[in-house]
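Each remark here refers to the structure printed beneath this line.
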Amino acid sequence: MKGHNNSIRAQKLRKLQELKAEGVPAYGYKFERTHKAAQVISEFDYLKTDEFADEEIRLCGRIMNQRFTWTFIDIADDSGTVQLVCDKSKLSKDTLRQLRLLDRGDIIGVKGRAMRTKNGPPSVCVESWELLAKSLQALPESAAALSDVEQRYRNRHLDLLFNEEARAMLLKRSKAITTLRGFLDGRGFLEVETPILQVQAGGAEAKPFITHHNSLDIEMQMRISPEFYLKRLLIGGIERVYEIGKNFRNEGISARHNPEFTSIELFQAYSDYYELMDLTESMLRHIAVSVCGGGKINYQGVELDFEQPFKRITMTDAIENVLGIDVDSVESFEELKDIANALGVRLSDEDLRGEIVNAIFEQKVEQTLIQPTFLMEQPEEVSTLQAPHRSRTGYAERFELYIFGREVAHGCSELIDPRLQRSRFEAQTRKRANGHEEMPALDAEFVMAMEYGMPPMMGLGIGIDRFVMFLCNAPSIRDVIAFPTMKPLPRVAEMGSHLADTDIREVG
């Protein structure tokens, strides 16, 4: 296959050379078009067989197929595909000869009139054409040639050319984000931007990507969350803010994890997590209806119902419902640990009581939460940034939203006591010193900002990529990211050098 592709490229380069000798520019600048492919088919559907429209039209696109020695050409743009008809009686000999120097994959612009042939929808009878970009690589013969998923991700440009589903996913993702913005803007939230390059990445437990700033001669980190900067805006008197942007975590890659991912985080002053659950439910339902046309979505053979009120359940009640264990009634730490071990739950020697409860839930219960469910009141030991529950000792005013057994969002009444926040950060710092690299170092600047007075607030984070997976029925997070993180192939760089040398020899 590699030799075949090289042979095709060599043929294309020879044609490029011939076009140059003919004085035909191979790479254009601008083309004024009047119609797209879909417009031609809809606007001229009234034409009868062999009937021509009066008006001249101009359209452009990529050559996808040709038949009967360039008598019929299919070109595609972002609206669809339309057939061109090259009538030998209407084109000069030079034009016809140059036409045969074109290839599948070339981008052309044409001028002509709409018509209808005997078999099919409206076409365009070509009166003149111009080459806008010469393709030098062989296009796959069909979408079936891109059946290898890894190749689709590596060659997204080809995937989008041949895979209608891939294009539809990107369109749905865009619509979801646009709808999300409109929802929040309509409720008085201000969209902001905060630093991606930070001295100290914080706001989550994750290992950051590290780089070096040459001018300042300091180590810097890619952000793992915008949370601390957004909270500082509320300290500064801006009461409703949100940011949609990239976060970076130096972790593994899987069907649900990409090191570079998109999230939304929002904060609203003088509100708590009860109000936040109402907002989150309304927002996600609104997006689902807008993008999918209704609140019931099929995901991997399961109907997810966003129309019904989202279920709300505490972590301890969820554990009892599935395992029949009331963890709050287990008084002894050792007894709770024995229960976890008997269940086959993986623990570390350093786990505290709340961390054991959380581990039991994550490893044995979370996969049972299929319909949209707010899991409420996690233990304080796993809630560094969340406010203590106002009426339930040992737990936080916090929720995680689960869909199809996966965490999609998290929210809470935010911790606003700077002394308690410092104490929790110091506990994380001790864990970090004991080898837990994902634990962030103490952010003294943020704590100092808190000491000026941070208003009561609710805060929400949603993994946009994960949520869009449901809207698109996508089995992998990489399906909904235009260019997911991939390990590079060494031969690509070598190939680039070889092809550059070939170009100089063959076209120079």
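Letters A, B, ... go to the chains of the structure tokens in the order shown; residues in each chain start at 1; ligands are counted from 1 in the same order.
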
For Ala204 of chain A, work out the shell of residues within 8 Å, counting only C-alpha atoms and skipping chain neighbours fewer than 3 positions away, then give it as a PyMOL selection string.
-> chain A and resi 224-225+440

Store the residues of this selection in a file with C-alpha atoms, as a PDB file, in the first residue's frame.
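The file below, part-v6.pdb, is the result:
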ATOM      1  CA  ILE A 224      -5.528  21.458  35.783  1.00  0.00           C
ATOM      2  CA  SER A 225      -8.522  23.662  36.672  1.00  0.00           C
ATOM      3  CA  PRO A 440      -1.240  20.037  44.624  1.00  0.00           C
TER       4      PRO A 440
END

Which residues of segment 421-460 of chain A come within 10 Å of segment 257-278 of chain A, and what is each one's closest atom pair and distance in Å (one decimal), counting only C-alpha atoms, sorted by chain and residue number, as a Markdown table?
| residue | atom | partner | partner_atom | distance |
| --- | --- | --- | --- | --- |
| A:Met454 | CA | A:Ala269 | CA | 8.9 |
| A:Pro455 | CA | A:Ala269 | CA | 6.0 |
| A:Pro456 | CA | A:Tyr270 | CA | 4.9 |
| A:Met457 | CA | A:Ala269 | CA | 4.2 |
| A:Met458 | CA | A:Asp272 | CA | 4.8 |
| A:Gly459 | CA | A:Phe267 | CA | 4.4 |
| A:Leu460 | CA | A:Leu266 | CA | 5.3 |

Against segment 243-246 of chain A, which residues of segment 421-483 of chain A fall within 10 Å? For each one I want the closest pair of atoms and the distance in Å (one decimal), counting only C-alpha atoms, rows by chain and increasing residue number, as JSON lines.
{"residue": "A:Gly461", "atom": "CA", "partner": "A:Glu243", "partner_atom": "CA", "distance": 9.7}
{"residue": "A:Ile462", "atom": "CA", "partner": "A:Ile244", "partner_atom": "CA", "distance": 9.6}
{"residue": "A:Gly463", "atom": "CA", "partner": "A:Ile244", "partner_atom": "CA", "distance": 9.9}
{"residue": "A:Ile464", "atom": "CA", "partner": "A:Ile244", "partner_atom": "CA", "distance": 8.8}

Suppose we keep N, CA and C atoms; can you now write the selection as a CSV table (one decimal), in the first residue's frame?
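Final file, out-v6.csv:
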chain,number,residue,atom,x,y,z
A,461,GLY,N,-18.4,22.2,38.0
A,461,GLY,CA,-17.5,21.9,36.9
A,461,GLY,C,-18.1,20.7,36.1
A,462,ILE,N,-18.1,20.9,34.8
A,462,ILE,CA,-18.7,19.8,33.9
A,462,ILE,C,-17.6,19.5,32.8
A,463,GLY,N,-17.4,18.2,32.6
A,463,GLY,CA,-16.5,17.8,31.6
A,463,GLY,C,-17.3,17.8,30.3
A,464,ILE,N,-17.1,18.8,29.4
A,464,ILE,CA,-17.9,18.9,28.2
A,464,ILE,C,-17.7,17.8,27.3

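Each of A:Glu22, A:Glu193, A:Glu331, A:Glu141 was compared to Asn5 of chain A using only C-alpha atoms, and A:Glu141 turns out to be the nearest.
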
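Of the listed residues (A:Tyr299, A:Phe374, A:Phe399, A:Phe31), A:Phe31 comes nearest to Ala133 of chain A; the distances count only C-alpha atoms.
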
Which residues come within 9 Å of Asn155 of chain A, counting only C-alpha atoms, excluding same-chain residues fewer than 5 positions away, as a ChimeraX atom specification?
-> /A:150,160,483

Write a file of the just-selected residues containing C-alpha atoms, as a JSON list (two decimals), in the first residue's frame.
[["chain", "number", "residue", "atom", "x", "y", "z"],
["A", 150, "GLU", "CA", -6.66, 4.71, 15.17],
["A", 160, "LEU", "CA", -14.24, 14.23, 8.03],
["A", 483, "PHE", "CA", -7.74, 16.03, 17.35]]

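Taking only C-alpha atoms into account, Leu184 of chain A lies nearest to A:Thr280 out of the set A:Leu102, A:Arg419, A:Lys36, A:Thr280.
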
List every residue of segment 435-502 of chain A that DSSP, applied to the backbone of this structure, places in helix (DSSP H, G or I), and write the result as an mmCIF file with C-alpha atoms, in the first residue's frame.
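Output contents, as saved in part.cif:
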data_model
loop_
_atom_site.group_PDB
_atom_site.id
_atom_site.type_symbol
_atom_site.label_atom_id
_atom_site.label_comp_id
_atom_site.auth_asym_id
_atom_site.auth_seq_id
_atom_site.Cartn_x
_atom_site.Cartn_y
_atom_site.Cartn_z
ATOM 1 C CA ALA A 444 -0.655 30.607 49.556
ATOM 2 C CA GLU A 445 -1.773 33.390 47.173
ATOM 3 C CA PHE A 446 -5.258 31.909 46.916
ATOM 4 C CA VAL A 447 -5.594 31.511 50.682
ATOM 5 C CA MET A 448 -4.445 35.102 51.164
ATOM 6 C CA ALA A 449 -7.081 36.251 48.674
ATOM 7 C CA MET A 450 -9.710 34.302 50.640
ATOM 8 C CA ILE A 464 -17.861 18.939 28.207
ATOM 9 C CA ASP A 465 -16.218 16.145 26.210
ATOM 10 C CA ARG A 466 -17.795 13.477 28.417
ATOM 11 C CA PHE A 467 -21.244 15.044 28.244
ATOM 12 C CA VAL A 468 -21.067 15.450 24.468
ATOM 13 C CA MET A 469 -20.297 11.712 24.227
ATOM 14 C CA PHE A 470 -23.870 11.058 25.350
ATOM 15 C CA LEU A 471 -25.345 13.534 22.883
ATOM 16 C CA CYS A 472 -23.424 11.871 20.022
ATOM 17 C CA ILE A 477 -14.038 10.489 24.172
ATOM 18 C CA ARG A 478 -11.686 10.655 21.177
ATOM 19 C CA ASP A 479 -14.703 10.551 18.850
ATOM 20 C CA PRO A 490 8.315 8.177 13.881
ATOM 21 C CA ARG A 491 8.042 7.293 10.187
ATOM 22 C CA VAL A 492 5.911 10.409 9.506
ATOM 23 C CA ALA A 493 8.817 12.772 10.168
ATOM 24 C CA GLU A 494 11.132 10.633 8.039
ATOM 25 C CA MET A 495 8.549 10.571 5.242
ATOM 26 C CA GLY A 496 8.272 14.380 5.291
ATOM 27 C CA SER A 497 12.013 14.744 4.672
ATOM 28 C CA HIS A 498 11.961 12.165 1.855
ATOM 29 C CA LEU A 499 8.964 13.806 0.142
ATOM 30 C CA ALA A 500 10.566 17.232 0.308
ATOM 31 C CA ASP A 501 13.607 15.894 -1.573
ATOM 32 C CA THR A 502 11.327 14.238 -4.137
#

Gln198 of chain A environment, 8 Å, only C-alpha atoms, sequence neighbours closer than 4 positions dropped, as a VMD selection string = chain A and resid 220 to 223

Using only C-alpha atoms, which residue out of A:Glu451, A:Ile481, A:His35, A:Lys90 lies closest to Arg167 of chain A?
-> A:Ile481

Write down as a ChimeraX atom specification the residues belonging to segment 171-381 of chain A that are assigned strand (DSSP E or B) by DSSP computed on the backbone.
-> /A:190-191,197-198,210-213,218-222,240-248,254,257,260-269,296-299,302-305,311-314,373-376,379

Can you spit out the residues from that selection as a short mmCIF file (atom, residue, chain, number, x, y, z; two decimals), in the first residue's frame, using N, CA and C atoms?
data_model
loop_
_atom_site.label_atom_id
_atom_site.label_comp_id
_atom_site.auth_asym_id
_atom_site.auth_seq_id
_atom_site.Cartn_x
_atom_site.Cartn_y
_atom_site.Cartn_z
N LEU A 190 -21.14 36.07 33.54
CA LEU A 190 -20.11 36.73 32.73
C LEU A 190 -19.07 35.69 32.32
N GLU A 191 -18.84 35.57 31.01
CA GLU A 191 -17.80 34.66 30.54
C GLU A 191 -16.44 35.33 30.66
N LEU A 197 -1.33 29.02 31.71
CA LEU A 197 0.03 28.84 32.20
C LEU A 197 0.11 29.43 33.59
N GLN A 198 0.37 28.58 34.59
CA GLN A 198 0.30 29.01 35.99
C GLN A 198 1.58 28.64 36.74
N ILE A 210 4.49 20.16 33.16
CA ILE A 210 5.43 21.16 33.67
C ILE A 210 6.30 21.68 32.52
N THR A 211 6.53 22.98 32.51
CA THR A 211 7.38 23.59 31.50
C THR A 211 8.26 24.64 32.17
N HIS A 212 9.06 25.32 31.38
CA HIS A 212 9.98 26.32 31.93
C HIS A 212 9.82 27.63 31.18
N HIS A 213 9.68 28.71 31.91
CA HIS A 213 9.59 30.05 31.31
C HIS A 213 11.00 30.63 31.24
N ILE A 218 11.70 30.45 35.55
CA ILE A 218 10.94 29.74 36.58
C ILE A 218 10.22 28.56 35.94
N GLU A 219 9.94 27.56 36.77
CA GLU A 219 9.11 26.45 36.35
C GLU A 219 7.65 26.89 36.36
N MET A 220 6.90 26.51 35.32
CA MET A 220 5.48 26.82 35.27
C MET A 220 4.71 25.55 34.94
N GLN A 221 3.40 25.59 35.18
CA GLN A 221 2.56 24.41 34.99
C GLN A 221 1.34 24.76 34.15
N MET A 222 0.89 23.81 33.34
CA MET A 222 -0.36 23.96 32.61
C MET A 222 -1.49 23.73 33.59
N ARG A 240 -21.27 36.43 39.25
CA ARG A 240 -21.60 35.25 38.44
C ARG A 240 -20.59 35.15 37.29
N VAL A 241 -19.79 34.10 37.30
CA VAL A 241 -18.77 33.94 36.25
C VAL A 241 -18.75 32.51 35.75
N TYR A 242 -18.28 32.35 34.51
CA TYR A 242 -18.01 31.01 34.00
C TYR A 242 -16.88 31.08 33.00
N GLU A 243 -16.23 29.93 32.82
CA GLU A 243 -15.18 29.81 31.81
C GLU A 243 -15.29 28.46 31.12
N ILE A 244 -15.30 28.50 29.80
CA ILE A 244 -15.23 27.29 28.99
C ILE A 244 -13.82 27.25 28.41
N GLY A 245 -13.07 26.21 28.71
CA GLY A 245 -11.70 26.20 28.22
C GLY A 245 -11.01 24.88 28.46
N LYS A 246 -9.74 24.86 28.08
CA LYS A 246 -8.92 23.65 28.15
C LYS A 246 -8.27 23.50 29.52
N ASN A 247 -8.23 22.26 29.98
CA ASN A 247 -7.43 21.89 31.14
C ASN A 247 -6.49 20.77 30.70
N PHE A 248 -5.41 20.57 31.48
CA PHE A 248 -4.37 19.62 31.08
C PHE A 248 -3.96 18.80 32.30
N SER A 254 -7.64 6.96 27.88
CA SER A 254 -8.58 5.85 27.79
C SER A 254 -9.81 6.32 27.02
N HIS A 257 -10.79 9.37 28.98
CA HIS A 257 -9.78 10.31 29.44
C HIS A 257 -8.89 10.77 28.29
N GLU A 260 -5.65 16.45 27.41
CA GLU A 260 -6.13 17.80 27.15
C GLU A 260 -7.63 17.71 26.95
N PHE A 261 -8.40 18.37 27.80
CA PHE A 261 -9.85 18.24 27.72
C PHE A 261 -10.52 19.59 27.97
N THR A 262 -11.80 19.67 27.60
CA THR A 262 -12.54 20.91 27.72
C THR A 262 -13.55 20.79 28.86
N SER A 263 -13.62 21.82 29.67
CA SER A 263 -14.59 21.84 30.77
C SER A 263 -15.25 23.21 30.83
N ILE A 264 -16.34 23.26 31.57
CA ILE A 264 -16.90 24.54 31.99
C ILE A 264 -16.88 24.55 33.51
N GLU A 265 -16.43 25.66 34.07
CA GLU A 265 -16.57 25.88 35.50
C GLU A 265 -17.31 27.18 35.70
N LEU A 266 -18.28 27.18 36.63
CA LEU A 266 -19.04 28.38 36.91
C LEU A 266 -19.19 28.55 38.42
N PHE A 267 -19.32 29.82 38.82
CA PHE A 267 -19.51 30.15 40.23
C PHE A 267 -20.54 31.26 40.35
N GLN A 268 -21.38 31.15 41.38
CA GLN A 268 -22.41 32.17 41.63
C GLN A 268 -22.44 32.47 43.12
N ALA A 269 -22.29 33.77 43.44
CA ALA A 269 -22.26 34.20 44.84
C ALA A 269 -23.64 34.10 45.48
N LYS A 296 -34.95 12.54 25.62
CA LYS A 296 -34.62 11.13 25.75
C LYS A 296 -33.58 10.78 24.69
N ILE A 297 -32.43 10.27 25.16
CA ILE A 297 -31.28 10.05 24.28
C ILE A 297 -30.86 8.59 24.35
N ASN A 298 -30.64 7.99 23.19
CA ASN A 298 -30.13 6.62 23.16
C ASN A 298 -28.61 6.66 23.24
N TYR A 299 -28.07 5.99 24.24
CA TYR A 299 -26.62 5.91 24.35
C TYR A 299 -26.21 4.46 24.49
N VAL A 302 -28.92 2.14 25.47
CA VAL A 302 -29.67 2.46 26.69
C VAL A 302 -30.31 3.84 26.52
N GLU A 303 -31.59 3.94 26.87
CA GLU A 303 -32.27 5.24 26.79
C GLU A 303 -32.00 6.04 28.07
N LEU A 304 -31.36 7.18 27.90
CA LEU A 304 -31.10 8.10 29.01
C LEU A 304 -32.18 9.16 29.00
N ASP A 305 -32.84 9.33 30.15
CA ASP A 305 -34.00 10.21 30.23
C ASP A 305 -33.65 11.51 30.95
N LYS A 311 -32.60 12.05 39.69
CA LYS A 311 -32.62 11.44 41.01
C LYS A 311 -31.58 12.09 41.91
N ARG A 312 -31.89 12.22 43.19
CA ARG A 312 -30.94 12.75 44.17
C ARG A 312 -30.82 11.75 45.31
N ILE A 313 -29.58 11.36 45.60
CA ILE A 313 -29.35 10.36 46.64
C ILE A 313 -28.00 10.62 47.28
N THR A 314 -27.90 10.37 48.59
CA THR A 314 -26.61 10.54 49.27
C THR A 314 -25.70 9.36 48.95
N THR A 373 -28.20 11.14 37.82
CA THR A 373 -28.35 11.04 39.28
C THR A 373 -27.37 11.98 39.98
N PHE A 374 -27.89 12.80 40.89
CA PHE A 374 -27.02 13.62 41.74
C PHE A 374 -26.65 12.79 42.96
N LEU A 375 -25.37 12.43 43.06
CA LEU A 375 -24.87 11.73 44.24
C LEU A 375 -24.41 12.79 45.22
N MET A 376 -25.04 12.86 46.38
CA MET A 376 -24.85 13.97 47.31
C MET A 376 -24.07 13.54 48.56
N PRO A 379 -17.94 12.32 51.86
CA PRO A 379 -17.20 12.55 53.10
C PRO A 379 -16.27 13.77 53.01
#
